[in-house]
file my_file-v8.cif (mmCIF, C-alpha atoms)
data_coords
loop_
_atom_site.label_atom_id
_atom_site.label_comp_id
_atom_site.auth_asym_id
_atom_site.auth_seq_id
_atom_site.Cartn_x
_atom_site.Cartn_y
_atom_site.Cartn_z
CA MET Y 1 -154.01 -176.57 -113.18
CA THR Y 2 -155.37 -173.57 -115.08
CA SER Y 3 -153.83 -170.15 -114.80
CA ASN Y 4 -157.04 -168.93 -113.19
CA GLU Y 5 -156.76 -171.59 -110.51
CA MET Y 6 -153.15 -170.72 -109.89
CA GLU Y 7 -154.02 -167.05 -109.57
CA ARG Y 8 -156.80 -167.86 -107.15
CA ALA Y 9 -154.51 -170.01 -105.04
CA GLY Y 10 -151.83 -167.37 -105.00
CA ASN Y 11 -154.25 -164.65 -103.98
CA GLY Y 12 -155.94 -166.81 -101.35
CA VAL Y 13 -159.25 -166.47 -103.17
CA GLU Y 14 -161.72 -169.05 -101.97
CA ASP Y 15 -165.06 -170.14 -103.26
CA LEU Y 16 -167.52 -171.51 -100.82
CA ASP Y 17 -167.62 -174.65 -102.96
CA GLU Y 18 -164.00 -175.01 -104.03
CA LEU Y 19 -160.67 -174.40 -102.35
CA THR Y 20 -157.39 -174.31 -104.24
CA LEU Y 21 -154.30 -175.04 -102.17
CA GLY Y 22 -150.61 -174.83 -102.92
CA SER Y 23 -148.34 -177.79 -102.30
CA ARG Y 24 -147.07 -176.59 -98.92
CA LEU Y 25 -148.13 -178.12 -95.60
CA SER Y 26 -148.72 -174.60 -94.30
CA GLU Y 27 -151.65 -174.42 -96.74
CA LEU Y 28 -153.49 -176.89 -94.53
CA GLU Y 29 -154.10 -174.03 -92.12
CA ARG Y 30 -156.61 -172.68 -94.64
CA LEU Y 31 -158.78 -175.78 -94.37
CA PRO Y 32 -160.55 -175.23 -91.03
CA GLY Y 33 -161.90 -171.80 -91.99
CA TRP Y 34 -163.19 -173.06 -95.32
CA ILE Y 35 -164.74 -176.07 -93.64
CA ASP Y 36 -166.40 -173.78 -91.09
CA ALA Y 37 -168.07 -171.90 -93.94
CA ILE Y 38 -169.19 -175.14 -95.60
CA ALA Y 39 -170.43 -176.44 -92.26
CA ALA Y 40 -172.50 -173.32 -91.70
CA ARG Y 41 -173.93 -173.48 -95.21
CA PHE Y 42 -175.01 -177.10 -94.97
CA GLY Y 43 -175.79 -177.17 -91.26
CA PHE Y 44 -173.21 -179.81 -90.35
CA THR Y 45 -173.57 -181.59 -87.07
CA GLU Y 46 -170.49 -181.47 -84.81
CA ASN Y 47 -169.78 -185.09 -85.72
CA THR Y 48 -169.87 -184.35 -89.44
CA ARG Y 49 -167.68 -181.29 -89.10
CA PHE Y 50 -165.11 -183.29 -87.16
CA ALA Y 51 -165.15 -186.10 -89.70
CA VAL Y 52 -164.80 -183.71 -92.63
CA GLN Y 53 -161.87 -181.84 -91.12
CA LEU Y 54 -160.11 -185.05 -90.15
CA CYS Y 55 -160.51 -186.66 -93.57
CA LEU Y 56 -159.65 -183.58 -95.60
CA GLU Y 57 -156.58 -182.86 -93.48
CA GLU Y 58 -155.39 -186.40 -94.08
CA ALA Y 59 -156.22 -186.43 -97.79
CA VAL Y 60 -154.62 -183.07 -98.51
CA SER Y 61 -151.50 -183.71 -96.43
CA ASN Y 62 -151.02 -187.03 -98.22
CA VAL Y 63 -151.13 -185.29 -101.61
CA ILE Y 64 -148.65 -182.64 -100.50
CA ARG Y 65 -146.23 -184.96 -98.73
CA HIS Y 66 -146.42 -188.02 -100.94
CA GLY Y 67 -147.99 -187.02 -104.26
CA TYR Y 68 -146.01 -183.83 -104.62
CA ALA Y 69 -143.14 -184.90 -102.33
CA ASN Y 70 -143.38 -181.53 -100.52
CA GLN Y 71 -142.30 -179.71 -103.68
CA ASP Y 72 -143.62 -176.19 -103.86
CA GLY Y 73 -145.26 -174.78 -106.96
CA GLN Y 74 -147.94 -177.43 -107.37
CA PHE Y 75 -151.65 -177.14 -106.62
CA LEU Y 76 -154.61 -179.21 -105.59
CA THR Y 77 -158.29 -178.48 -105.27
CA VAL Y 78 -160.93 -179.49 -102.78
CA GLN Y 79 -164.47 -179.22 -104.09
CA CYS Y 80 -167.68 -179.57 -102.14
CA THR Y 81 -171.01 -180.67 -103.56
CA GLU Y 82 -174.32 -181.82 -102.10
CA PRO Y 83 -175.66 -184.46 -104.50
CA HIS Y 84 -178.72 -184.84 -102.35
CA GLU Y 85 -179.95 -183.28 -99.14
CA GLY Y 86 -178.11 -184.47 -96.07
CA TYR Y 87 -175.19 -185.93 -98.00
CA VAL Y 88 -172.08 -183.94 -98.82
CA VAL Y 89 -169.23 -184.99 -101.09
CA PHE Y 90 -165.70 -183.60 -101.07
CA THR Y 91 -163.47 -184.24 -104.06
CA VAL Y 92 -159.72 -183.77 -103.72
CA GLU Y 93 -157.99 -183.44 -107.09
CA ASP Y 94 -154.30 -183.22 -107.81
CA ASN Y 95 -151.88 -183.38 -110.72
CA ALA Y 96 -149.44 -185.76 -109.08
CA ALA Y 97 -148.31 -189.12 -110.42
CA PRO Y 98 -151.11 -191.69 -110.46
CA PHE Y 99 -151.51 -193.29 -107.06
CA ASN Y 100 -154.51 -194.95 -105.48
CA PRO Y 101 -154.11 -194.58 -101.71
CA LEU Y 102 -156.98 -196.97 -101.10
CA GLU Y 103 -154.89 -199.82 -102.46
CA SER Y 104 -152.01 -199.18 -100.07
CA ALA Y 105 -151.25 -201.96 -97.62
CA ALA Y 106 -152.78 -201.72 -94.19
CA LEU Y 107 -150.48 -200.00 -91.75
CA PRO Y 108 -149.48 -201.45 -88.42
CA ALA Y 109 -150.95 -199.90 -85.31
CA VAL Y 110 -149.36 -196.64 -84.36
CA GLY Y 111 -147.40 -198.16 -81.51
CA ASP Y 112 -145.40 -200.25 -83.94
CA GLN Y 113 -144.71 -197.47 -86.40
CA ASP Y 114 -141.85 -195.10 -86.80
CA PRO Y 115 -143.27 -191.87 -85.33
CA SER Y 116 -141.91 -189.88 -88.25
CA ASP Y 117 -144.24 -191.78 -90.60
CA LEU Y 118 -147.49 -191.51 -88.72
CA GLY Y 119 -149.05 -189.60 -91.57
CA GLY Y 120 -149.79 -192.97 -93.11
CA GLN Y 121 -152.48 -193.46 -90.51
CA GLY Y 122 -154.55 -191.08 -92.60
CA ILE Y 123 -156.09 -193.79 -94.78
CA ARG Y 124 -157.10 -195.77 -91.71
CA LEU Y 125 -158.68 -192.66 -90.22
CA MET Y 126 -160.45 -191.72 -93.47
CA ARG Y 127 -161.97 -195.19 -93.72
CA GLY Y 128 -163.20 -194.86 -90.15
CA PHE Y 129 -164.76 -191.43 -90.48
CA ALA Y 130 -165.94 -191.00 -94.09
CA ASP Y 131 -169.17 -192.70 -95.09
CA THR Y 132 -167.82 -193.35 -98.58
CA LEU Y 133 -164.30 -193.24 -99.94
CA GLU Y 134 -163.54 -193.65 -103.64
CA TYR Y 135 -160.60 -193.13 -105.90
CA GLU Y 136 -160.59 -192.21 -109.56
CA ALA Y 137 -157.62 -191.77 -111.82
CA LYS Y 138 -157.89 -188.69 -113.99
CA ALA Y 139 -155.83 -187.49 -116.91
CA GLY Y 140 -152.60 -186.28 -115.38
CA GLY Y 141 -153.53 -186.84 -111.76
CA ASN Y 142 -155.75 -188.27 -109.09
CA ARG Y 143 -159.18 -187.74 -107.63
CA LEU Y 144 -160.19 -188.84 -104.13
CA ILE Y 145 -163.89 -188.62 -103.36
CA LEU Y 146 -165.12 -188.56 -99.77
CA GLY Y 147 -168.80 -188.71 -98.86
CA PHE Y 148 -170.36 -187.74 -95.55
CA SER Y 149 -173.87 -188.17 -94.32
CA ASN Y 150 -174.80 -185.17 -92.25
CA ALA Y 151 -176.59 -187.30 -89.70
CA GLY Y 152 -173.29 -187.92 -87.89
CA ALA Y 153 -174.09 -191.61 -87.85
CA ASN Y 154 -170.57 -192.70 -88.85
CA ALA Y 155 -168.84 -190.62 -86.22
CA GLY Y 156 -171.41 -191.73 -83.72
CA ASP Y 157 -170.35 -195.32 -84.07
CA LEU Y 158 -168.07 -195.27 -81.02
CA MET Q 5 -153.71 -174.77 -79.24
CA GLY Q 6 -152.80 -174.27 -75.61
CA ILE Q 7 -150.47 -176.33 -73.48
CA ALA Q 8 -149.93 -176.02 -69.75
CA THR Q 9 -147.96 -178.19 -67.36
CA GLU Q 10 -148.34 -178.93 -63.69
CA ALA Q 11 -146.15 -180.97 -61.38
CA LEU Q 12 -148.13 -183.50 -59.35
CA ASP Q 13 -147.03 -185.51 -56.34
CA GLY Q 14 -144.87 -188.50 -56.99
CA GLY Q 15 -142.88 -187.05 -59.83
CA ILE Q 16 -145.82 -186.98 -62.24
CA ASN Q 17 -146.07 -184.18 -64.75
CA LYS Q 18 -149.54 -183.27 -65.96
CA VAL Q 19 -149.82 -181.73 -69.40
CA VAL Q 20 -153.13 -180.01 -70.12
CA LEU Q 21 -153.92 -179.54 -73.80
CA ASP Q 22 -156.59 -177.11 -74.94
CA GLY Q 23 -157.80 -176.68 -78.51
CA SER Q 24 -157.46 -178.35 -81.89
CA LEU Q 25 -154.64 -180.81 -82.51
CA ASP Q 26 -154.64 -180.20 -86.23
CA ILE Q 27 -151.40 -179.55 -88.09
CA ALA Q 28 -150.99 -176.09 -86.61
CA GLY Q 29 -151.92 -177.29 -83.14
CA ALA Q 30 -149.51 -180.17 -83.32
CA ALA Q 31 -146.70 -177.81 -84.29
CA ALA Q 32 -147.62 -175.53 -81.39
CA ILE Q 33 -147.15 -178.23 -78.76
CA ASP Q 34 -144.45 -180.35 -80.36
CA LEU Q 35 -141.39 -178.83 -78.70
CA ARG Q 36 -142.92 -178.48 -75.24
CA MET Q 37 -144.28 -182.03 -75.28
CA ASN Q 38 -140.85 -183.38 -76.08
CA VAL Q 39 -139.23 -181.22 -73.41
CA VAL Q 40 -141.71 -182.38 -70.78
CA ALA Q 41 -141.30 -186.00 -71.79
CA GLY Q 42 -137.55 -185.64 -71.71
CA ALA Q 43 -137.60 -184.27 -68.19
CA SER Q 44 -140.21 -186.65 -66.75
CA LYS Q 45 -140.64 -190.17 -65.58
CA ALA Q 46 -144.41 -190.08 -65.73
CA VAL Q 47 -146.72 -187.91 -67.79
CA LEU Q 48 -150.49 -187.52 -67.65
CA VAL Q 49 -151.84 -185.90 -70.80
CA ASP Q 50 -155.15 -184.22 -70.00
CA MET Q 51 -157.12 -184.09 -73.26
CA GLN Q 52 -160.51 -183.06 -71.91
CA GLN Q 53 -160.36 -179.75 -73.80
CA VAL Q 54 -158.96 -181.12 -77.05
CA SER Q 55 -161.67 -180.67 -79.66
CA PHE Q 56 -159.91 -182.27 -82.64
CA ILE Q 57 -156.97 -184.52 -83.46
CA GLY Q 58 -155.52 -185.63 -86.78
CA SER Q 59 -152.51 -187.75 -87.65
CA MET Q 60 -150.07 -184.89 -87.06
CA GLY Q 61 -151.59 -184.52 -83.61
CA LEU Q 62 -151.10 -188.22 -83.03
CA ARG Q 63 -147.45 -187.81 -83.86
CA ALA Q 64 -147.17 -185.00 -81.32
CA LEU Q 65 -148.22 -187.55 -78.70
CA VAL Q 66 -146.41 -190.64 -79.94
CA GLN Q 67 -142.96 -189.12 -80.41
CA PRO Q 68 -142.57 -187.96 -76.81
CA ALA Q 69 -144.24 -191.13 -75.58
CA ARG Q 70 -141.74 -193.33 -77.38
CA ALA Q 71 -138.87 -191.31 -75.93
CA LEU Q 72 -140.35 -191.56 -72.44
CA PHE Q 73 -141.00 -195.30 -72.68
CA GLY Q 74 -137.46 -195.83 -73.93
CA ARG Q 75 -136.24 -194.43 -70.61
CA GLY Q 76 -138.57 -196.64 -68.61
CA GLY Q 77 -141.16 -193.91 -68.10
CA LYS Q 78 -144.95 -193.96 -68.33
CA MET Q 79 -147.60 -191.88 -70.08
CA VAL Q 80 -151.37 -191.98 -69.96
CA ILE Q 81 -154.10 -190.01 -71.69
CA PHE Q 82 -156.93 -188.65 -69.56
CA GLY Q 83 -160.44 -187.67 -70.57
CA PRO Q 84 -160.50 -187.49 -74.38
CA GLN Q 85 -163.77 -186.39 -75.92
CA ALA Q 86 -165.70 -189.07 -77.79
CA LEU Q 87 -164.61 -188.24 -81.33
CA VAL Q 88 -161.02 -187.66 -80.26
CA GLU Q 89 -161.07 -191.02 -78.49
CA LYS Q 90 -162.35 -192.65 -81.67
CA VAL Q 91 -159.32 -191.31 -83.52
CA LEU Q 92 -157.01 -192.55 -80.78
CA LYS Q 93 -158.53 -196.03 -80.91
CA LEU Q 94 -158.74 -196.26 -84.71
CA SER Q 95 -155.06 -195.50 -84.95
CA GLY Q 96 -154.23 -197.92 -82.17
CA ILE Q 97 -152.60 -195.26 -80.03
CA ASP Q 98 -154.53 -196.56 -77.03
CA THR Q 99 -152.49 -199.76 -77.17
CA MET Q 100 -149.40 -197.68 -76.67
CA ILE Q 101 -150.66 -194.90 -74.39
CA PRO Q 102 -153.49 -196.09 -72.11
CA ILE Q 103 -156.64 -193.98 -71.98
CA TYR Q 104 -158.45 -193.24 -68.74
CA HIS Q 105 -161.66 -191.39 -67.98
CA ASP Q 106 -161.22 -191.66 -64.21
CA TYR Q 107 -158.64 -189.19 -62.97
CA ASP Q 108 -157.63 -191.15 -59.88
CA ALA Q 109 -157.13 -194.28 -61.96
CA ALA Q 110 -155.02 -192.34 -64.45
CA VAL Q 111 -152.78 -191.03 -61.70
CA ALA Q 112 -152.58 -194.44 -60.03
CA ALA Q 113 -151.42 -195.98 -63.31
CA LEU Q 114 -148.43 -193.66 -63.28
CA ARG Q 115 -147.27 -194.47 -59.76
#
call {"tool": "encode", "arguments": {"input": "my_file-v8.cif", "output": "structure tokens"}}
result
Amino acid sequence: MTSNEMERAGNGVEDLDELTLGSRLSELERLPGWIDAIAARFGFTENTRFAVQLCLEEAVSNVIRHGYANQDGQFLTVQCTEPHEGYVVFTVEDNAAPFNPLESAALPAVGDQDPSDLGGQGIRLMRGFADTLEYEAKAGGNRLILGFSNAGANAGDL
Amino acid sequence: MGIATEALDGGINKVVLDGSLDIAGAAAIDLRMNVVAGASKAVLVDMQQVSFIGSMGLRALVQPARALFGRGGKMVIFGPQALVEKVLKLSGIDTMIPIYHDYDAAVAALR
């Protein structure tokens, strides 16, 4: 993480296109407001906004709780791009130990799980709400890429 | 995230949730949900006004439910919005806490 990024995270400075978060679960409270701004910019449907918040909350909390083991002083970024009209991509990047969450074993249904470990349901939820979900290893960390069509078609599949 | 409780006939406690069950929302209701579940034999969780739920929100439901079931109690979820219901079903929570969209049926399931 560059010194500029750390300064931005510490000062709560937010780009419309990129959000830098510290490795504390309390930082997740900054997500909804940023997502609201992104949603307004790109004209998200309600379904898309819901899906984005759900998936980013899961992805970011997984990095903080598992990648960084809840240790303060680390950072991660969430970047938003629109590679083509009507399709938005969010990229979550961290500097944690290499880990591909998409290769984790399928979790049992929530009724069979220890309630204290329900965060693991995040991958299941991301698969159900993101249109695309990809992982890339990067030098010194991880990159999770989530794509959403802004037609709300995925969330509409009920 | 708002939480209100109401005692119904037959020893049923109704919990009405209002807002977003994100991480902050889950923290806001966590203690009260566990208190209500600890003092009840039957709980109806009214989720008609819940606009969002993530995995931390799921935990805020499952933890008190497990405690309640362990004492022979019952819990049902009433009226989740479509996207919230999709989350509940994707995670399998509906196999643990039944979901109803008919209020009378939800209450009857608790008697």
call {"tool": "residues_around", "arguments": {"input": "my_file-v8.cif", "residues": "Asn100 in chain Y", "least_positions_apart": "6", "cutoff": "8 Å", "atoms": "only C-alpha atoms", "output": "VMD selection string"}}
result
chain Y and resid 135 to 137 142
call {"tool": "write_last_selection", "arguments": {"input": "my_file-v8.cif", "atoms": "C-alpha atoms", "output": "PDB file, keeping the file's coordinate frame"}}
result
ATOM      1  CA  TYR Y 135    -160.600-193.130-105.900  1.00  0.00           C
ATOM      2  CA  GLU Y 136    -160.590-192.210-109.560  1.00  0.00           C
ATOM      3  CA  ALA Y 137    -157.620-191.770-111.820  1.00  0.00           C
ATOM      4  CA  ASN Y 142    -155.750-188.270-109.090  1.00  0.00           C
TER       5      ASN Y 142
END
call {"tool": "atom_distance", "arguments": {"input": "my_file-v8.cif", "atom1": "CA of Gly83 in chain Q", "atom2": "CA of Ile16 in chain Q"}}
result
16.8 Å
call {"tool": "atom_distance", "arguments": {"input": "my_file-v8.cif", "atom1": "CA of Glu10 in chain Q", "atom2": "CA of Asp26 in chain Q"}}
result
23.4 Å
call {"tool": "interface_residues", "arguments": {"input": "my_file-v8.cif", "of": "chain Q", "to": "chain Y", "cutoff": "7 Å", "atoms": "only C-alpha atoms", "output": "compact mmCIF listing (two decimals) with C-alpha atoms, in the coordinates of the input"}}
result
# COMPACT_ATOMS: atom_id res chain seq x y z
CA ALA Q 28 -150.99 -176.09 -86.61
CA PHE Q 56 -159.91 -182.27 -82.64
CA GLY Q 58 -155.52 -185.63 -86.78
CA SER Q 59 -152.51 -187.75 -87.65
CA MET Q 60 -150.07 -184.89 -87.06
CA ARG Q 63 -147.45 -187.81 -83.86
CA VAL Q 66 -146.41 -190.64 -79.94
CA GLN Q 67 -142.96 -189.12 -80.41
CA LEU Q 87 -164.61 -188.24 -81.33
CA LYS Q 90 -162.35 -192.65 -81.67
CA VAL Q 91 -159.32 -191.31 -83.52
CA LEU Q 94 -158.74 -196.26 -84.71
CA SER Q 95 -155.06 -195.50 -84.95
CA GLY Q 96 -154.23 -197.92 -82.17
CA ILE Q 97 -152.60 -195.26 -80.03
CA THR Q 99 -152.49 -199.76 -77.17
CA MET Q 100 -149.40 -197.68 -76.67
call {"tool": "atom_distance", "arguments": {"input": "my_file-v8.cif", "atom1": "CA of Arg24 in chain Y", "atom2": "CA of Ala30 in chain Q"}}
result
16.2 Å
call {"tool": "closest_residue", "arguments": {"input": "my_file-v8.cif", "among": "Q:Val88, Q:Ala64, Q:Ala110, Q:Leu72", "to": "Leu35 in chain Q", "atoms": "all atoms listed in the file"}}
result
Q:Ala64
call {"tool": "resolve_selection", "arguments": {"input": "my_file-v8.cif", "expression": "the PyMOL selection byres ((chain Y and resi 101) around 9)", "output": "JSON list (two decimals) with C-alpha atoms, in the coordinates of the input"}}
result
[["chain", "number", "residue", "atom", "x", "y", "z"],
["Y", 62, "ASN", "CA", -151.02, -187.03, -98.22],
["Y", 99, "PHE", "CA", -151.51, -193.29, -107.06],
["Y", 100, "ASN", "CA", -154.51, -194.95, -105.48],
["Y", 102, "LEU", "CA", -156.98, -196.97, -101.10],
["Y", 103, "GLU", "CA", -154.89, -199.82, -102.46],
["Y", 104, "SER", "CA", -152.01, -199.18, -100.07],
["Y", 105, "ALA", "CA", -151.25, -201.96, -97.62],
["Y", 123, "ILE", "CA", -156.09, -193.79, -94.78],
["Y", 135, "TYR", "CA", -160.60, -193.13, -105.90],
["Y", 144, "LEU", "CA", -160.19, -188.84, -104.13]]
call {"tool": "resolve_selection", "arguments": {"input": "my_file-v8.cif", "expression": "the PyMOL selection byres ((chain Y and resi 96) around 6)", "output": "NGL selection string"}}
result
:Y and (67-68 or 94-95 or 97 or 141)
call {"tool": "closest_residue", "arguments": {"input": "my_file-v8.cif", "among": "Q:Met51, Q:Val111, Q:Ala46, Q:Ala71", "to": "Ile7 in chain Q", "atoms": "only C-alpha atoms"}}
result
Q:Met51
call {"tool": "resolve_selection", "arguments": {"input": "my_file-v8.cif", "expression": "the PyMOL selection byres ((chain Y and resi 36) around 12)", "output": "NGL selection string"}}
result
:Y and (16-17 or 30-35 or 37-46 or 48-50 or 52-53)
call {"tool": "closest_residue", "arguments": {"input": "my_file-v8.cif", "among": "Q:Thr9, Q:Phe73, Q:Pro84, Q:Lys45", "to": "Gly23 in chain Q", "atoms": "only C-alpha atoms"}}
result
Q:Pro84
call {"tool": "closest_residue", "arguments": {"input": "my_file-v8.cif", "among": "Y:Val88, Y:Leu19, Y:Ala139, Y:Ile145", "to": "Ala59 in chain Y", "atoms": "all atoms listed in the file"}}
result
Y:Ile145
call {"tool": "closest_residue", "arguments": {"input": "my_file-v8.cif", "among": "Q:Ile101, Q:Gly61, Q:Leu114, Q:Leu12", "to": "Asp34 in chain Q", "atoms": "only C-alpha atoms"}}
result
Q:Gly61
call {"tool": "residues_around", "arguments": {"input": "my_file-v8.cif", "residues": "His105 in chain Q", "least_positions_apart": "6", "cutoff": "12 Å", "atoms": "only C-alpha atoms", "output": "list in words"}}
result
Leu48, Val49, Asp50, Met51, Gln52, Val80, Ile81, Phe82, Gly83, Pro84, Gln85, Ala86, Glu89 and Val111 of chain Q
call {"tool": "residues_around", "arguments": {"input": "my_file-v8.cif", "residues": "Ala8 in chain Q", "least_positions_apart": "2", "cutoff": "7 Å", "atoms": "all atoms listed in the file", "output": "list in words"}}
result
Gly6, Glu10, Val19, Val20 and Leu21 of chain Q
call {"tool": "write_last_selection", "arguments": {"input": "my_file-v8.cif", "atoms": "C-alpha atoms", "output": "short mmCIF file (atom, residue, chain, number, x, y, z; two decimals), in the frame of the given file"}}
result
data_model
loop_
_atom_site.label_atom_id
_atom_site.label_comp_id
_atom_site.auth_asym_id
_atom_site.auth_seq_id
_atom_site.Cartn_x
_atom_site.Cartn_y
_atom_site.Cartn_z
CA GLY Q 6 -152.80 -174.27 -75.61
CA GLU Q 10 -148.34 -178.93 -63.69
CA VAL Q 19 -149.82 -181.73 -69.40
CA VAL Q 20 -153.13 -180.01 -70.12
CA LEU Q 21 -153.92 -179.54 -73.80
#
call {"tool": "residues_near_point", "arguments": {"input": "my_file-v8.cif", "point": "(-175.5, -186.8, -102.9)", "cutoff": "12 Å", "atoms": "all atoms listed in the file", "output": "list in words"}}
result
Cys80, Thr81, Glu82, Pro83, His84, Glu85, Gly86, Tyr87, Val88, Val89, Phe90, Asp131, Thr132, Ile145, Leu146, Gly147, Phe148, Ser149 and Asn150 of chain Y
call {"tool": "build_atoms", "arguments": {"input": "my_file-v8.cif", "residues": "range 123-140 of chain Y", "atoms": "N, CA, C and O atoms", "output": "compact mmCIF listing (two decimals), keeping the file's coordinate frame"}}
result
# COMPACT_ATOMS: atom_id res chain seq x y z
N ILE Y 123 -155.15 -192.93 -94.06
CA ILE Y 123 -156.09 -193.79 -94.78
C ILE Y 123 -156.96 -194.54 -93.79
O ILE Y 123 -158.17 -194.65 -93.95
N ARG Y 124 -156.33 -195.04 -92.73
CA ARG Y 124 -157.10 -195.77 -91.71
C ARG Y 124 -158.15 -194.85 -91.11
O ARG Y 124 -159.30 -195.24 -90.89
N LEU Y 125 -157.74 -193.61 -90.83
CA LEU Y 125 -158.68 -192.66 -90.22
C LEU Y 125 -159.79 -192.28 -91.21
O LEU Y 125 -160.96 -192.18 -90.84
N MET Y 126 -159.43 -192.08 -92.49
CA MET Y 126 -160.45 -191.72 -93.47
C MET Y 126 -161.48 -192.83 -93.60
O MET Y 126 -162.68 -192.58 -93.68
N ARG Y 127 -161.03 -194.07 -93.61
CA ARG Y 127 -161.97 -195.19 -93.72
C ARG Y 127 -162.91 -195.22 -92.51
O ARG Y 127 -164.06 -195.63 -92.63
N GLY Y 128 -162.39 -194.80 -91.37
CA GLY Y 128 -163.20 -194.86 -90.15
C GLY Y 128 -164.19 -193.71 -90.00
O GLY Y 128 -165.15 -193.83 -89.26
N PHE Y 129 -163.92 -192.61 -90.69
CA PHE Y 129 -164.76 -191.43 -90.48
C PHE Y 129 -165.58 -191.01 -91.70
O PHE Y 129 -166.61 -190.35 -91.55
N ALA Y 130 -165.15 -191.34 -92.91
CA ALA Y 130 -165.94 -191.00 -94.09
C ALA Y 130 -166.98 -192.09 -94.34
O ALA Y 130 -166.69 -193.27 -94.15
N ASP Y 131 -168.15 -191.69 -94.77
CA ASP Y 131 -169.17 -192.70 -95.09
C ASP Y 131 -168.81 -193.43 -96.38
O ASP Y 131 -169.08 -194.62 -96.52
N THR Y 132 -168.28 -192.71 -97.35
CA THR Y 132 -167.82 -193.35 -98.58
C THR Y 132 -166.46 -192.79 -98.94
O THR Y 132 -166.14 -191.63 -98.64
N LEU Y 133 -165.66 -193.62 -99.57
CA LEU Y 133 -164.30 -193.24 -99.94
C LEU Y 133 -164.01 -193.90 -101.28
O LEU Y 133 -164.04 -195.12 -101.38
N GLU Y 134 -163.79 -193.08 -102.32
CA GLU Y 134 -163.54 -193.65 -103.64
C GLU Y 134 -162.36 -192.95 -104.28
O GLU Y 134 -162.07 -191.78 -104.00
N TYR Y 135 -161.72 -193.68 -105.15
CA TYR Y 135 -160.60 -193.13 -105.90
C TYR Y 135 -160.90 -193.22 -107.39
O TYR Y 135 -161.44 -194.21 -107.86
N GLU Y 136 -160.52 -192.18 -108.10
CA GLU Y 136 -160.59 -192.21 -109.56
C GLU Y 136 -159.29 -191.66 -110.11
O GLU Y 136 -158.80 -190.62 -109.66
N ALA Y 137 -158.76 -192.34 -111.09
CA ALA Y 137 -157.62 -191.77 -111.82
C ALA Y 137 -158.18 -190.75 -112.80
O ALA Y 137 -159.27 -190.94 -113.34
N LYS Y 138 -157.47 -189.66 -112.98
CA LYS Y 138 -157.89 -188.69 -113.99
C LYS Y 138 -156.67 -188.39 -114.87
O LYS Y 138 -155.54 -188.69 -114.49
N ALA Y 139 -156.93 -187.81 -116.02
CA ALA Y 139 -155.83 -187.49 -116.91
C ALA Y 139 -154.85 -186.59 -116.19
O ALA Y 139 -155.20 -185.51 -115.74
N GLY Y 140 -153.64 -187.09 -116.00
CA GLY Y 140 -152.60 -186.28 -115.38
C GLY Y 140 -152.72 -186.11 -113.88
O GLY Y 140 -152.17 -185.16 -113.32
